[in-house]
Structures are given as structure tokens and as C-alpha cells.
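Undergrad: To start, I am sharing the structure in question, which I have written as C-alpha cells.
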Amino acid sequence: MDKFIIQGGRPLEGTVRISGAKNAALPIMAAALLTSEKVQLDNIPRVRDIVTMAKLLAHMKVHVIAQDVPPSAMTIQTEEISHAEAPYELVKTMRASVLTLGPLVARFGYARVSLPGGCAIGARPIDLHIQALEKMGAKMVTEHGYVEARAERLRGAEIHFEKITVTGTENILMAATLAQGETILSNAAREPEIADLADLLIKMGAKIEGAGTSTIRVRGVEKLHGAAHRVIPDRIEVGTFLVAGAITGGNVLLTECEPRHLCAIIDKLSECGVEITAESATSLRVRASGKLRTADVTTEEYPGFATDMQAQYLALATQAEGDSLITETIFENRFMHASEMIRMGANIEINGRQAIVHGPTPLSGTTIIASDLRASASLVLAGLVAENTTVVDRVYHIDRGYERIENKLRALGARIERSG
Ligand code: UD1
């Protein structure tokens, strides 16, 4: 299993290019199931979850044509499929496999998808996806750890999500494009990745209004056609590099990003005394020279502070002057990284969904274990400021969602190596 070996203590300096958004690319790849024509995608991040999604599509005998592995561009064509199934072996490594449920039942009238089960950050059920498809006329059966959906043709319905769900909104949005009649999704998630998915679907001929707001209207069509699409930049990768620049007292230019997607994060880091300036419409510079101040954070759905940035922010808070209160409202068990940072010398109290970080504390290098994707990013950030050597174990988590983070960090002057 790969590890990162980090010698901390160097301010990061230079330029880093941001990759495409994993969480936009995954539903977009699933959307290619909705048409028999070619869907051409660009700015795909070269990360493991994308390889898993490509494997899942290939498992159904979908044509996935990519020049290199992992790919940054690919063409997907779904003339026919051999079987409409997402097996447990793939779903267990990537929950986003569940994004095939809506498109499969909408186009082929049948889908069988393994239930994802819990994960390191909480229970994460898909009951809201299931209820919504049921409301659209699908016969849903859950047995033997799989959910099966059947419908000759889905019909439009009024879907009110009890709780805001990102992949739930995406699944139902995709399903609704081929349903008979109009679907109205209320209390829908507003993440930029949903607007990006809708952009592609509209190019494919879908009739969608309101994506990116909490009410989305979809008028179902008989058929969708092929399209070409460039995936939006990864706002969580941007946020992670902003923290990397800030925590090391560095000066980093981030290019090919979309600053408008990062308002909550930029505001919070600015409150901490980090200087962030837009150098162009698609680039941000982060500088941190003085002392970091504390700012309390509560995670929220977009446009609030992303739960996917909570762990990285917590790493920063260990270096800020005073007490930071960090409240996690989206997932019930998302402070696993804190116990590893405590082992490095951080002073953190965890109380249910809240963490109080007493800073600043010097961190000292040791061997730490990554428990999930964003937790592992936060441990790398902690390693960048720790004294001596930090070994971050199980970096396969980080490879799921960051494109060779060690190469990007090394190009900024960090001393980080991968060891097998
Ligand atoms: C997506 C993101 C993930 C991010 C999360 C929250 C992708 C591939 N993943 O995950 O990186 O951390 O949004 O921003 O885009 N819930 C239910 N029932 C459901 C669905 C969700 O109770 O049917 C609950 C979840 O347990 C969680 C909350 O709703 O507490 C939000 O989850 P959701 O938005 O669905 O997260 P994901 O789409 O899985």
C-alpha cells in the first residue's frame, strides 16, 4: 500500500493547475447512459474514482474510449448494454456508482444497483433516491443487498427532497430527462456540479430549467442525443491548495479554477487572515505571511461551507491563534482526521458533531492513517507544517479524488515522496 513521506516546514511557492471536478465528472459519465450517441468529455480528472466509473460502464459493455489511463478525455457510447447492474465489488469502492440507477431505469426500464452501505464518515443511505423513483412510477424492490428498479417508462412527478442530497438530485434529474411529462424537484441541491450536469444534459436535448437553484423543472423528452462537454474545475481541489498555501505561509497561484464556486471558503480563509486575490477570471493567488486567526466554521450545503473542506480547514485551525469551533452538519462521523492530528500534537476536543481546536500548536511528524478521501488530504496538509517526517499511510484514499497530489505539491517546493 502506498504511503506519503513528508518533510514539513517549507512554504509553498509557485503555480498549480487545478484539475476537473471529480464530483461533476462522475454524474456526467453516468449521463452518457441516457443516449445511444457519443458523449465526448474533456477535463476529466485523472483520479481513481473516474477509473472505477469507467470500469463500471465497461462492465455493462458500454464503449468507453480513452486515450490514456487514467484519462483526461474520453468518449462514451451506450448503444446497448449487456446488463443494467452495478455490482457490489464496484459500489463498495465508490458510492457514486449509485448514479447509474436513475439513467439506467430511465433509458432501459430496469436497473439493479448494490446498496452502498455505510462508510467511514457515516451511514449514508439512498432512501431519498429510491422514494423519488417510486414516485415517478418505478417499482422498487430492495433485497439481497441490491435495489432493483423497474418501469416501462418513468413518469414526471413532484419530488420534494426531505433532506438536501447531491447525488440524489443528480440521479433524479437524469431520470426525469426521459420521463413522460414534467418533473419538479424541490429542495434540490444547488452544488455547481449539478448545474454542470444539467449543462451537459441540455446539450443532449434535455429540457431543464432552474439547475443550480433549489427548484428544478424538467420536461421529459423521448430521446437524448450525443454532445461534447468540458467538466468544471474542482472547487475542493482549489480549496485544498488554498489551505496548503495558507498553512505553510506560502505564495501560490492556482490556475484554471472557478473562483465563483468558492465564495464561502474564500470568505472563511480571509477571516483567518489569509490573503486571497483573483488574478484573472480563472486564477487565484493565496498568500499568508502574518499570523493565522481563528474563525468558526459550520458545514452546510452549497453555497455554504462544504463538508468536503472541513478536514482541511481543521488542519489550518491547528495553526491559528485561539479557539476555533468547527461544526459538521452534513455527516455524523466526520472527525476521524482529528484523532490523527491529536497524535501529531494538535489540541482538539471532539464533542459529537463539534470540534474545538485550540491553536496554535506545533505539530510533530509521525505515522498517521488516512480514513477517507478528504481526511487524507487534511493529514497531508498537517504533514506540510509538521516538524520532522510525517508518514501518511493508505494514500489510496487520496488517489480516489486528487490527481497526483504529491507531484503538484512537489512542484510548489514541498518535500513529499510516494513510497510503495
Ligand atoms: C456528495 C459528494 C460528497 C459530499 C456530499 C455532501 C459526490 C460524488 N459526492 O455525496 O463528496 O461530501 O455530497 O456535499 O458528489 N442522505 C439521506 N438519504 C439519501 C441521501 C442522502 O439521508 O437518500 C443524507 C446523507 O446521509 C447525508 C446527507 O443526506 O447525511 C447529504 O448526503 P448527499 O448530499 O446525498 O451526499 P452524496 O451525494 O453521497
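By convention in this document, the chains of the C-alpha cells carry letters A, B, ... by their order, each chain's residues are numbered from 1, and ligands are numbered from 1 in the order they are shown.
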Quick one: residues within 8 Å of ligand 1, with only C-alpha atoms and all ligand atoms, as a ChimeraX atom specification?
TA: /A:22-24,26-27,95-96,122-130,163-168,189,193,300-302,306-308,329-332
Undergrad: Sorted by chain and rising residue number, list the residues of stretch 183-278 of chain A at most 9 Å from stretch 38-59 of chain A (counting only C-alpha atoms), each with its closest atom pair and distance in Å to one decimal, as CSV.
TA:
residue,atom,partner,partner_atom,distance
A:Met204,CA,A:Val39,CA,8.6
A:His225,CA,A:Lys38,CA,7.8
A:Gly226,CA,A:Lys38,CA,4.8
A:Ala227,CA,A:Val39,CA,5.0
A:Ala228,CA,A:Gln40,CA,4.5
A:His229,CA,A:Leu41,CA,5.1
A:Arg230,CA,A:Asp42,CA,4.6
A:Val231,CA,A:Asn43,CA,5.3
A:Ile232,CA,A:Asn43,CA,7.5
A:Pro233,CA,A:Asn43,CA,8.0
A:Asp234,CA,A:Pro45,CA,8.6
Undergrad: Just list the residues in stretch 57-202 of chain A DSSP gives alpha helix (DSSP H) on the backbone, as a ChimeraX atom specification.
TA: /A:57-59,88-91,101-108,127-135,166-177,192-202
Undergrad: Name the closest residue to A:Val64 among the candidates A:Ser376, A:Leu33, A:Thr93, A:Glu143; distances are taken between atoms, counting only C-alpha atoms.
TA: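 The closest residue to A:Val64 is A:Leu33.
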Undergrad: What is the atom CA of A:Asn347-atom CA of A:Leu316 distance in Å, reported with one decimal?
TA: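 These atoms are spaced 12.5 Å apart.
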Undergrad: Between A:Thr100, A:Thr169, A:Thr15, A:Ser114, which residue has the minimum interatomic distance to A:Val147, considering only C-alpha atoms?
TA: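 For A:Val147, the nearest of the candidates is A:Ser114.
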